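A short write-up of the structure that comes next.
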Amino acid sequence: MVLVLVIGDLHIPTLTHDLPAKFKKLLVPGKIGQIICTGNVDDRETYDYLRTIAPEVHVVRGEFDDNTHFPMSLIIPHQSLRIGAIHGQQIVPAGDTDMLAALARQMDVDVLISGGTHRFEAFESEGRFFINPGSATGGWSGLWTGDATPSFALLDVQGPVIVTYVYQLIEGEVKVDKVEYRRPEPPKESVRAPEAAALQSPVQAGSGW
């Protein structure tokens, strides 16, 4: 079992000064094994903060990230799963499900994590799982009217199963919901009778800073 924090679009200090205090109380060191960030970290201090939470931090580059060492996309193996991550500039229009599905096929990943829209989403399509953690700070996005709802996700990875816990700050209180994804079993190849009988016999990313 691996606990993965999926977070992004922090925009600190560009759009806001810090993460919500109630989120920071939840994100304590020692419990989370890995962080996948969808970008727009913006400054070194925020990146360093993420590194205090987990020993392994992966960040893809958002349009407001000056650090060119952050890659545009990542593929991170997790036991039998392949997890891909992008910020979302590649998806036009932003968050388009067909474009996300096409990119997931191109990257050959079971799970595609993306950001950019500042809205949480988690859905399954064509046997693949798609997660957008939203904006952890609830930063303003030109895509919508008003500020976004602050949110992040925790993934409990158990072999081919991912249990996603989404944390949202709604009216000052943290609300938690759960979404489960199980990778479909690949189709079994037919086995000739003699062979069938035989089978039955006993016998880390550099930051650039």
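Note on naming: chains are A, B, ... as they come in the structure tokens, residues start from 1 per chain, ligands start from 1 in the order shown.
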Next on the checklist: List the spatial neighbours of Val174 in chain A as a PyMOL selection string - criterion: any atom at most 9 Å away, only C-alpha atoms, same-chain residues fewer than 4 positions off excluded.
Outcome noted: chain A and resi 22-23+167-170
Next on the checklist: Could you go through range 3-208 of chain A and tell me which residues DSSP, when run on the backbone, assigns to helix (DSSP H, G or I), listing them as a VMD selection string?
Outcome noted: chain A and resid 21 to 26 44 to 53 97 to 107 193 to 200
Serialized selection, N, CA, C and O atoms, as a compact mmCIF listing (two decimals), in the first residue's frame:
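part.txt written:
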```
# COMPACT_ATOMS: atom_id res chain seq x y z
N ALA A 21 -5.21 26.69 6.22
CA ALA A 21 -4.66 26.16 7.47
C ALA A 21 -5.19 24.77 7.78
O ALA A 21 -4.46 23.91 8.28
N LYS A 22 -6.45 24.50 7.46
CA LYS A 22 -7.03 23.19 7.76
C LYS A 22 -6.44 22.10 6.87
O LYS A 22 -6.40 20.93 7.27
N PHE A 23 -5.97 22.47 5.68
CA PHE A 23 -5.28 21.51 4.83
C PHE A 23 -3.88 21.22 5.39
O PHE A 23 -3.44 20.08 5.42
N LYS A 24 -3.20 22.27 5.84
CA LYS A 24 -1.84 22.08 6.35
C LYS A 24 -1.82 21.19 7.59
O LYS A 24 -0.87 20.45 7.82
N LYS A 25 -2.88 21.23 8.37
CA LYS A 25 -2.96 20.37 9.55
C LYS A 25 -3.07 18.90 9.16
O LYS A 25 -2.65 18.01 9.90
N LEU A 26 -3.65 18.64 7.97
CA LEU A 26 -3.82 17.26 7.51
C LEU A 26 -2.56 16.73 6.83
O LEU A 26 -2.29 15.52 6.88
N ARG A 44 10.07 28.57 -5.00
CA ARG A 44 10.93 27.57 -4.38
C ARG A 44 10.45 27.19 -3.00
O ARG A 44 10.52 26.02 -2.59
N GLU A 45 9.96 28.16 -2.24
CA GLU A 45 9.52 27.89 -0.86
C GLU A 45 8.38 26.87 -0.84
O GLU A 45 8.33 25.99 0.03
N THR A 46 7.46 26.98 -1.80
CA THR A 46 6.34 26.04 -1.85
C THR A 46 6.83 24.65 -2.21
O THR A 46 6.38 23.64 -1.63
N TYR A 47 7.76 24.57 -3.15
CA TYR A 47 8.34 23.27 -3.51
C TYR A 47 9.05 22.65 -2.30
O TYR A 47 8.90 21.46 -2.02
N ASP A 48 9.82 23.46 -1.57
CA ASP A 48 10.51 22.95 -0.39
C ASP A 48 9.52 22.46 0.67
O ASP A 48 9.77 21.47 1.38
N TYR A 49 8.39 23.15 0.79
CA TYR A 49 7.35 22.71 1.73
C TYR A 49 6.83 21.33 1.35
O TYR A 49 6.67 20.44 2.21
N LEU A 50 6.58 21.11 0.06
CA LEU A 50 6.10 19.80 -0.39
C LEU A 50 7.11 18.71 -0.05
O LEU A 50 6.73 17.59 0.32
N ARG A 51 8.38 19.03 -0.14
CA ARG A 51 9.43 18.05 0.15
C ARG A 51 9.51 17.70 1.64
O ARG A 51 10.09 16.67 2.00
N THR A 52 8.93 18.53 2.51
CA THR A 52 8.88 18.19 3.93
C THR A 52 7.76 17.18 4.22
O THR A 52 7.78 16.53 5.27
N ILE A 53 6.80 17.08 3.30
CA ILE A 53 5.65 16.20 3.53
C ILE A 53 5.96 14.77 3.15
O ILE A 53 5.54 13.82 3.82
N THR A 97 -12.71 15.75 -21.98
CA THR A 97 -12.58 14.32 -21.67
C THR A 97 -12.06 13.51 -22.85
O THR A 97 -11.29 12.56 -22.66
N ASP A 98 -12.48 13.85 -24.06
CA ASP A 98 -12.00 13.12 -25.23
C ASP A 98 -10.50 13.33 -25.44
O ASP A 98 -9.77 12.39 -25.77
N MET A 99 -10.03 14.55 -25.22
CA MET A 99 -8.61 14.84 -25.37
C MET A 99 -7.80 14.14 -24.27
O MET A 99 -6.70 13.63 -24.52
N LEU A 100 -8.34 14.12 -23.06
CA LEU A 100 -7.67 13.41 -21.97
C LEU A 100 -7.56 11.92 -22.28
O LEU A 100 -6.51 11.30 -22.06
N ALA A 101 -8.65 11.35 -22.80
CA ALA A 101 -8.64 9.92 -23.13
C ALA A 101 -7.63 9.63 -24.23
O ALA A 101 -6.90 8.62 -24.17
N ALA A 102 -7.55 10.50 -25.23
CA ALA A 102 -6.60 10.30 -26.32
C ALA A 102 -5.16 10.37 -25.81
O ALA A 102 -4.30 9.57 -26.21
N LEU A 103 -4.89 11.31 -24.90
CA LEU A 103 -3.54 11.45 -24.36
C LEU A 103 -3.18 10.25 -23.48
O LEU A 103 -2.05 9.76 -23.50
N ALA A 104 -4.15 9.75 -22.71
CA ALA A 104 -3.90 8.57 -21.88
C ALA A 104 -3.55 7.36 -22.74
O ALA A 104 -2.66 6.57 -22.39
N ARG A 105 -4.23 7.22 -23.87
CA ARG A 105 -3.90 6.12 -24.79
C ARG A 105 -2.49 6.32 -25.36
O ARG A 105 -1.71 5.37 -25.47
N GLN A 106 -2.18 7.55 -25.74
CA GLN A 106 -0.87 7.84 -26.30
C GLN A 106 0.24 7.56 -25.30
O GLN A 106 1.30 7.01 -25.66
N MET A 107 0.03 7.94 -24.04
CA MET A 107 1.03 7.71 -22.99
C MET A 107 1.02 6.27 -22.49
O MET A 107 1.94 5.85 -21.79
N ALA A 193 -5.15 -27.49 -24.90
CA ALA A 193 -5.47 -28.47 -23.86
C ALA A 193 -4.24 -29.07 -23.20
O ALA A 193 -4.17 -29.15 -21.97
N PRO A 194 -3.21 -29.53 -23.93
CA PRO A 194 -2.05 -30.12 -23.25
C PRO A 194 -1.35 -29.14 -22.32
O PRO A 194 -0.91 -29.51 -21.24
N GLU A 195 -1.26 -27.87 -22.74
CA GLU A 195 -0.61 -26.86 -21.91
C GLU A 195 -1.44 -26.58 -20.66
O GLU A 195 -0.90 -26.39 -19.58
N ALA A 196 -2.75 -26.59 -20.83
CA ALA A 196 -3.62 -26.36 -19.68
C ALA A 196 -3.43 -27.46 -18.64
O ALA A 196 -3.38 -27.22 -17.44
N ALA A 197 -3.30 -28.69 -19.12
CA ALA A 197 -3.09 -29.80 -18.21
C ALA A 197 -1.76 -29.66 -17.49
O ALA A 197 -1.64 -29.95 -16.29
N ALA A 198 -0.74 -29.20 -18.21
CA ALA A 198 0.58 -29.02 -17.60
C ALA A 198 0.54 -27.96 -16.51
O ALA A 198 1.20 -28.08 -15.48
N LEU A 199 -0.26 -26.92 -16.73
CA LEU A 199 -0.34 -25.86 -15.74
C LEU A 199 -0.98 -26.34 -14.45
O LEU A 199 -0.75 -25.79 -13.39
N GLN A 200 -1.80 -27.38 -14.55
CA GLN A 200 -2.48 -27.87 -13.35
C GLN A 200 -1.62 -28.83 -12.52
O GLN A 200 -1.96 -29.13 -11.39
```
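Nearest residue to His58 in chain A, choosing from A:Arg119, A:Arg183, A:Lys31, A:His87 and counting only C-alpha atoms: A:His87.
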Item to check | 7 Å contact set for range 67-82 of chain A, only C-alpha atoms, chain neighbours under 4 positions out, as a PyMOL selection string | outcome: chain A and resi 59-61+86+109-111+159-160+207-208
Can those selected residues be exported to a file as an mmCIF file, in the first residue's frame so that it contains C-alpha atoms?
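File produced: part_12.cif:
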```cif
data_model
loop_
_atom_site.group_PDB
_atom_site.id
_atom_site.type_symbol
_atom_site.label_atom_id
_atom_site.label_comp_id
_atom_site.auth_asym_id
_atom_site.auth_seq_id
_atom_site.Cartn_x
_atom_site.Cartn_y
_atom_site.Cartn_z
ATOM 1 C CA VAL A 59 6.136 17.943 -10.299
ATOM 2 C CA VAL A 60 5.055 18.683 -13.867
ATOM 3 C CA ARG A 61 5.398 22.216 -15.183
ATOM 4 C CA ILE A 86 0.469 16.476 -16.953
ATOM 5 C CA VAL A 109 -1.154 4.817 -18.786
ATOM 6 C CA ASP A 110 -3.842 3.313 -16.585
ATOM 7 C CA VAL A 111 -4.291 6.553 -14.640
ATOM 8 C CA GLY A 159 -1.989 -3.206 -6.493
ATOM 9 C CA PRO A 160 -4.519 -2.771 -9.346
ATOM 10 C CA SER A 207 14.075 19.880 -8.782
ATOM 11 C CA GLY A 208 16.540 21.962 -10.752
#
```
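The closest residue to Gly8 in chain A, picked from A:Ile36, A:Ala122, A:Val28, A:Val176 and counting only C-alpha atoms, is A:Ile36.
With CA of Gly138 in chain A on one side and CA of Asp9 in chain A on the other, the separation reads 8.4 Å.
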Item to check | strand (DSSP E) residues, from DSSP on the backbone, in range 120-150 of chain A, as a PyMOL selection string | outcome: chain A and resi 120-125+128-133
Could you dump the residues just selected with N, CA, C and O atoms as an mmCIF file, in the first residue's frame?
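Below you can see selection25.cif, which holds the result:
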```
data_model
loop_
_atom_site.group_PDB
_atom_site.id
_atom_site.type_symbol
_atom_site.label_atom_id
_atom_site.label_comp_id
_atom_site.auth_asym_id
_atom_site.auth_seq_id
_atom_site.Cartn_x
_atom_site.Cartn_y
_atom_site.Cartn_z
ATOM 1 N N PHE A 120 -11.937 19.883 -9.062
ATOM 2 C CA PHE A 120 -11.714 18.456 -8.849
ATOM 3 C C PHE A 120 -12.587 17.636 -9.788
ATOM 4 O O PHE A 120 -13.760 17.931 -9.997
ATOM 5 N N GLU A 121 -11.975 16.558 -10.319
ATOM 6 C CA GLU A 121 -12.715 15.576 -11.104
ATOM 7 C C GLU A 121 -12.078 14.219 -10.884
ATOM 8 O O GLU A 121 -10.858 14.112 -10.728
ATOM 9 N N ALA A 122 -12.878 13.184 -10.897
ATOM 10 C CA ALA A 122 -12.396 11.806 -10.873
ATOM 11 C C ALA A 122 -13.422 10.960 -11.609
ATOM 12 O O ALA A 122 -14.580 10.897 -11.202
ATOM 13 N N PHE A 123 -12.986 10.350 -12.704
ATOM 14 C CA PHE A 123 -13.930 9.553 -13.482
ATOM 15 C C PHE A 123 -13.172 8.457 -14.227
ATOM 16 O O PHE A 123 -11.960 8.529 -14.439
ATOM 17 N N GLU A 124 -13.924 7.438 -14.639
ATOM 18 C CA GLU A 124 -13.362 6.322 -15.390
ATOM 19 C C GLU A 124 -13.890 6.369 -16.812
ATOM 20 O O GLU A 124 -15.067 6.654 -17.052
ATOM 21 N N SER A 125 -13.023 6.075 -17.779
ATOM 22 C CA SER A 125 -13.404 6.045 -19.188
ATOM 23 C C SER A 125 -12.501 5.070 -19.926
ATOM 24 O O SER A 125 -11.276 5.112 -19.751
ATOM 25 N N ARG A 128 -9.747 3.332 -18.110
ATOM 26 C CA ARG A 128 -8.697 4.143 -17.494
ATOM 27 C C ARG A 128 -9.321 5.110 -16.483
ATOM 28 O O ARG A 128 -10.515 5.410 -16.556
ATOM 29 N N PHE A 129 -8.487 5.597 -15.574
ATOM 30 C CA PHE A 129 -8.960 6.468 -14.502
ATOM 31 C C PHE A 129 -8.331 7.846 -14.673
ATOM 32 O O PHE A 129 -7.131 7.969 -14.937
ATOM 33 N N PHE A 130 -9.158 8.888 -14.513
ATOM 34 C CA PHE A 130 -8.714 10.264 -14.711
ATOM 35 C C PHE A 130 -8.973 11.062 -13.439
ATOM 36 O O PHE A 130 -10.077 11.040 -12.895
ATOM 37 N N ILE A 131 -7.933 11.772 -12.978
ATOM 38 C CA ILE A 131 -8.032 12.547 -11.740
ATOM 39 C C ILE A 131 -7.523 13.958 -11.988
ATOM 40 O O ILE A 131 -6.447 14.150 -12.556
ATOM 41 N N ASN A 132 -8.293 14.928 -11.557
ATOM 42 C CA ASN A 132 -7.843 16.322 -11.506
ATOM 43 C C ASN A 132 -8.032 16.763 -10.056
ATOM 44 O O ASN A 132 -9.168 16.816 -9.570
ATOM 45 N N PRO A 133 -6.934 17.055 -9.345
ATOM 46 C CA PRO A 133 -7.076 17.378 -7.917
ATOM 47 C C PRO A 133 -7.651 18.757 -7.653
ATOM 48 O O PRO A 133 -7.927 19.099 -6.501
#
```
Next on the checklist: Neighbouring residues of Val41 in chain A were defined as those with any atom within 6 Å, considering only C-alpha atoms; residues of the same chain fewer than 2 positions away were excluded. Please report them as a list in words.
Outcome noted: Leu10, His11, Gly39 and Asp43 of chain A
